[in-house]
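A.B. asks: This structure is in structure tokens; I'll ask about it shortly.
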Amino acid sequence: MKLISIDLFSGVGGLTQGLHKAGFQTKLAFEIDEIASKAYKLNHKKTKVITDDIRNVSTVEVKSKLGNKAIHLLAGCPPCQGFSSIRRLNKAKPVKDERNKLITEFVRFVIELKPFTFMMENVPGLALDKSFKKALKELESAGYYKPDWKVVNIKDYGVPQNRKRLVLVGSRLAPLKIAEPTEKKRTVRQVIGKLPNPKKSKDLLHKIFPIHTTEVQKRIELTPKNGGGRKDLPKKYLLNCHKDENIGFNDVYGRLRWDDYSTTITGGCLNPSKGRFLHPEQNRCISAREASMLQSFPKTYKFPIDAPVTKIALMIGNALPPEFSRIQAENIKHHLQTYLK
């Protein structure tokens, strides 16, 4: 049985990568950002990518492009910046952001296209917002879905990263539950430990990492290997904004630990002032390749290296980790095979 999927808000294709590994065929993907869309196309040449605002897309048009074939899985990760804990500064109230409303577009696609199953992933903060409660109510009111949602940590699903995500699934065939954790632990060392020093690598993505001022580089060199942080520095090397206790985020300018999970790979992953993104051993920030692999992308996954470094970091950090997507998709595949005999 061919399993047809659609990827909404597809970004560089992390979700699609997992869907394909699970055996789905992604016929259509939608992404508003041209550079992210370019990255997607580099890796998923058989998928038709629509580079447009999802709010401009008619589901009638989608049905036509699919030849009115059944959709087995509609999946997506609506932009979640307004709900993220960093944007909210860990407060409960979401930040006002027009992209917060895009969850309603995901619901529109589900209700109008009636896929056999759907899956949505987002930040945990979404659960605090009224838009999520409204979405659940609309999906239930449609009469053929009984949504199930849960906040999980992707580190429990074989991804080498401590990252909590909200997962929402539903099926019109029978109740569908979110995949149980695999409990398979993957560490920073297991994933990037064998990569060569970027200076000796032929991988152009691996060569992308920031070059710092002499002052900042000195701080990096003084940061203890394998997990050291800014609080371990001699006082004279501390930034003025870090000299007072309980000021600022503790992880900034911190090193990753070899035998532990990575911290959350965010859109600032190529800037050590944005989090614990220093290499465990080498005196530098992690490279773009290392960041993508900590997101569980394959070592060969392609990104447009001519894009600005900040854009590459944002595309990597915003992506849904493929390995997490694969496990959730395989759970849905088993559900479909059980009820569509």
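FYI, nothing fancy with the structure tokens labels: chains A, B, ... in order, residues from 1 per chain, ligands from 1 as they appear.
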Counting only C-alpha atoms, what are the residues of region 224-330 of chain A within 12 Å of region 41-56 of chain A, and for each of them which pair of atoms is the nearest and at what distance in Å, to one decimal? Sort the table by chain and rising number, as a Markdown table.

C.D. replies:
| residue | atom | partner | partner_atom | distance |
| --- | --- | --- | --- | --- |
| A:Phe297 | CA | A:Asn43 | CA | 11.2 |
| A:Pro298 | CA | A:Asn43 | CA | 10.8 |
| A:Thr300 | CA | A:Asn43 | CA | 9.5 |
| A:Tyr301 | CA | A:Asn43 | CA | 6.8 |
| A:Lys302 | CA | A:Leu42 | CA | 6.3 |
| A:Phe303 | CA | A:Leu42 | CA | 7.5 |
| A:Pro304 | CA | A:Leu42 | CA | 8.4 |
| A:Ile305 | CA | A:Leu42 | CA | 11.7 |

A.B. asks: Let's see if you can do this: from backbone DSSP, list all strand (DSSP E or B) residues in region 35-193 of chain A, as a list in words.

C.D. replies: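 Those residues are Lys48, Val49, Ile50, Leu73, Leu74, Ala75, Gly76, Thr117, Phe118, Met119, Met120, Glu121, Asn122, Asp148, Trp149, Lys150, Val151, Val152, Asn153, Gln161, Lys164, Arg165, Leu166, Val167, Leu168, Val169, Gly170 and Ser171 of chain A.
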
A.B. asks: I need the residues from that last selection saved to file as a short mmCIF file (atom, residue, chain, number, x, y, z; two decimals), in the first residue's frame (with C-alpha atoms), if you can.

C.D. replies:
data_model
loop_
_atom_site.label_atom_id
_atom_site.label_comp_id
_atom_site.auth_asym_id
_atom_site.auth_seq_id
_atom_site.Cartn_x
_atom_site.Cartn_y
_atom_site.Cartn_z
CA LYS A 48 6.33 19.05 -5.47
CA VAL A 49 7.16 22.11 -3.37
CA ILE A 50 4.75 25.06 -3.29
CA LEU A 73 -1.01 11.56 6.61
CA LEU A 74 -1.14 15.33 6.73
CA ALA A 75 1.74 16.57 8.86
CA GLY A 76 3.24 19.91 9.73
CA THR A 117 -4.40 10.75 9.93
CA PHE A 118 -2.69 13.99 10.90
CA MET A 119 0.30 14.95 13.02
CA MET A 120 1.37 18.36 14.23
CA GLU A 121 4.50 19.24 16.18
CA ASN A 122 5.20 22.46 18.06
CA ASP A 148 -4.49 13.12 21.24
CA TRP A 149 -1.66 15.38 22.34
CA LYS A 150 1.29 15.21 24.66
CA VAL A 151 4.50 17.05 25.50
CA VAL A 152 7.49 14.75 25.06
CA ASN A 153 11.27 15.09 25.00
CA GLN A 161 19.26 16.60 22.06
CA LYS A 164 10.69 19.24 24.58
CA ARG A 165 8.00 19.25 21.91
CA LEU A 166 4.23 19.17 21.80
CA VAL A 167 2.89 16.47 19.50
CA LEU A 168 -0.73 16.35 18.31
CA VAL A 169 -2.11 13.40 16.35
CA GLY A 170 -5.49 12.24 15.15
CA SER A 171 -7.14 9.60 12.97
#

A.B. asks: Could you check which of A:Ile286, A:Ile332, A:Leu294, A:Val188 is closest to Asp259 (chain A), using only C-alpha atoms?

C.D. replies: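 Closest to Asp259 (chain A), using only C-alpha atoms: A:Val188.
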
A.B. asks: To one decimal in Å, tell me the separation between CA of Lys101 (chain A) and CA of Asp33 (chain A).

C.D. replies: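 A separation of 17.2 Å between them.
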
A.B. asks: Would you list the contacts of Lys69 (chain A) as number ranges by chain, taking every protein, DNA or RNA residue within 12 Å and counting only C-alpha atoms, but skipping same-chain residues closer than 2 positions in sequence?

C.D. replies: A: 2-6, 27, 62-67, 71-73, 113-116

A.B. asks: Looking at only C-alpha atoms, which of A:Ser37, A:Gln217, A:Asn283, A:Gln25 is the one that sits closest to Gly13 (chain A)?

C.D. replies: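 Among the listed residues, A:Ser37 lies closest to Gly13 (chain A).
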
A.B. asks: Could you find all residues in region 1-41 of chain A that DSSP calls helix (DSSP H, G or I) from the backbone, and write them as number ranges by chain?

C.D. replies: A: 14-21, 34-41

A.B. asks: For a quick check of understanding, using only C-alpha atoms, which of A:Arg108, A:Lys38, A:Lys202, A:Lys155 has the smallest distance to Arg186 (chain A)?

C.D. replies: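 Answer, going by the shortest atom-to-atom distance: A:Lys155.
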
A.B. asks: Applying 12 Å and only C-alpha atoms, which residues near Gly275 (chain A) remain after dropping the ones on its own chain fewer than 6 positions away? List them as a PDB file with C-alpha atoms, in the first residue's frame.

C.D. replies:
ATOM      1  CA  ILE A  86      12.912  32.067  24.902  1.00  0.00           C
ATOM      2  CA  GLY A 229      30.569  27.424  31.060  1.00  0.00           C
ATOM      3  CA  ARG A 230      30.908  31.153  31.551  1.00  0.00           C
ATOM      4  CA  GLY A 248      21.297  36.186  31.983  1.00  0.00           C
ATOM      5  CA  PHE A 249      21.030  32.653  30.661  1.00  0.00           C
ATOM      6  CA  ASN A 250      23.528  30.269  32.275  1.00  0.00           C
ATOM      7  CA  ASP A 251      24.179  28.266  29.110  1.00  0.00           C
ATOM      8  CA  VAL A 252      25.530  31.085  26.954  1.00  0.00           C
ATOM      9  CA  TYR A 253      29.187  30.587  26.012  1.00  0.00           C
ATOM     10  CA  GLY A 254      29.001  27.049  27.396  1.00  0.00           C
ATOM     11  CA  ARG A 255      30.511  23.888  25.952  1.00  0.00           C
ATOM     12  CA  LEU A 256      28.558  20.783  25.059  1.00  0.00           C
ATOM     13  CA  SER A 262      23.077  18.418  23.397  1.00  0.00           C
ATOM     14  CA  THR A 263      21.095  21.359  24.656  1.00  0.00           C
ATOM     15  CA  THR A 264      18.263  22.485  22.370  1.00  0.00           C
ATOM     16  CA  ILE A 265      19.561  23.375  18.913  1.00  0.00           C
ATOM     17  CA  THR A 266      17.895  26.716  18.240  1.00  0.00           C
ATOM     18  CA  GLY A 267      18.044  29.259  15.450  1.00  0.00           C
ATOM     19  CA  GLY A 268      21.025  30.762  17.277  1.00  0.00           C
ATOM     20  CA  CYS A 269      23.023  27.533  17.218  1.00  0.00           C
ATOM     21  CA  CYS A 285      31.403  27.079  18.182  1.00  0.00           C
ATOM     22  CA  ILE A 286      29.889  23.952  16.677  1.00  0.00           C
TER      23      ILE A 286
END

A.B. asks: Select, from A:Ile178, A:Gly193, A:Asp7, A:Gly317, the residue with the minimum atom-to-atom distance to Arg163 (chain A), counting only C-alpha atoms.

C.D. replies: A:Gly317

A.B. asks: Can you work out the spacing between CA of Lys235 (chain A) and CA of Val216 (chain A) in Å, to one decimal?

C.D. replies: 14.2 Å
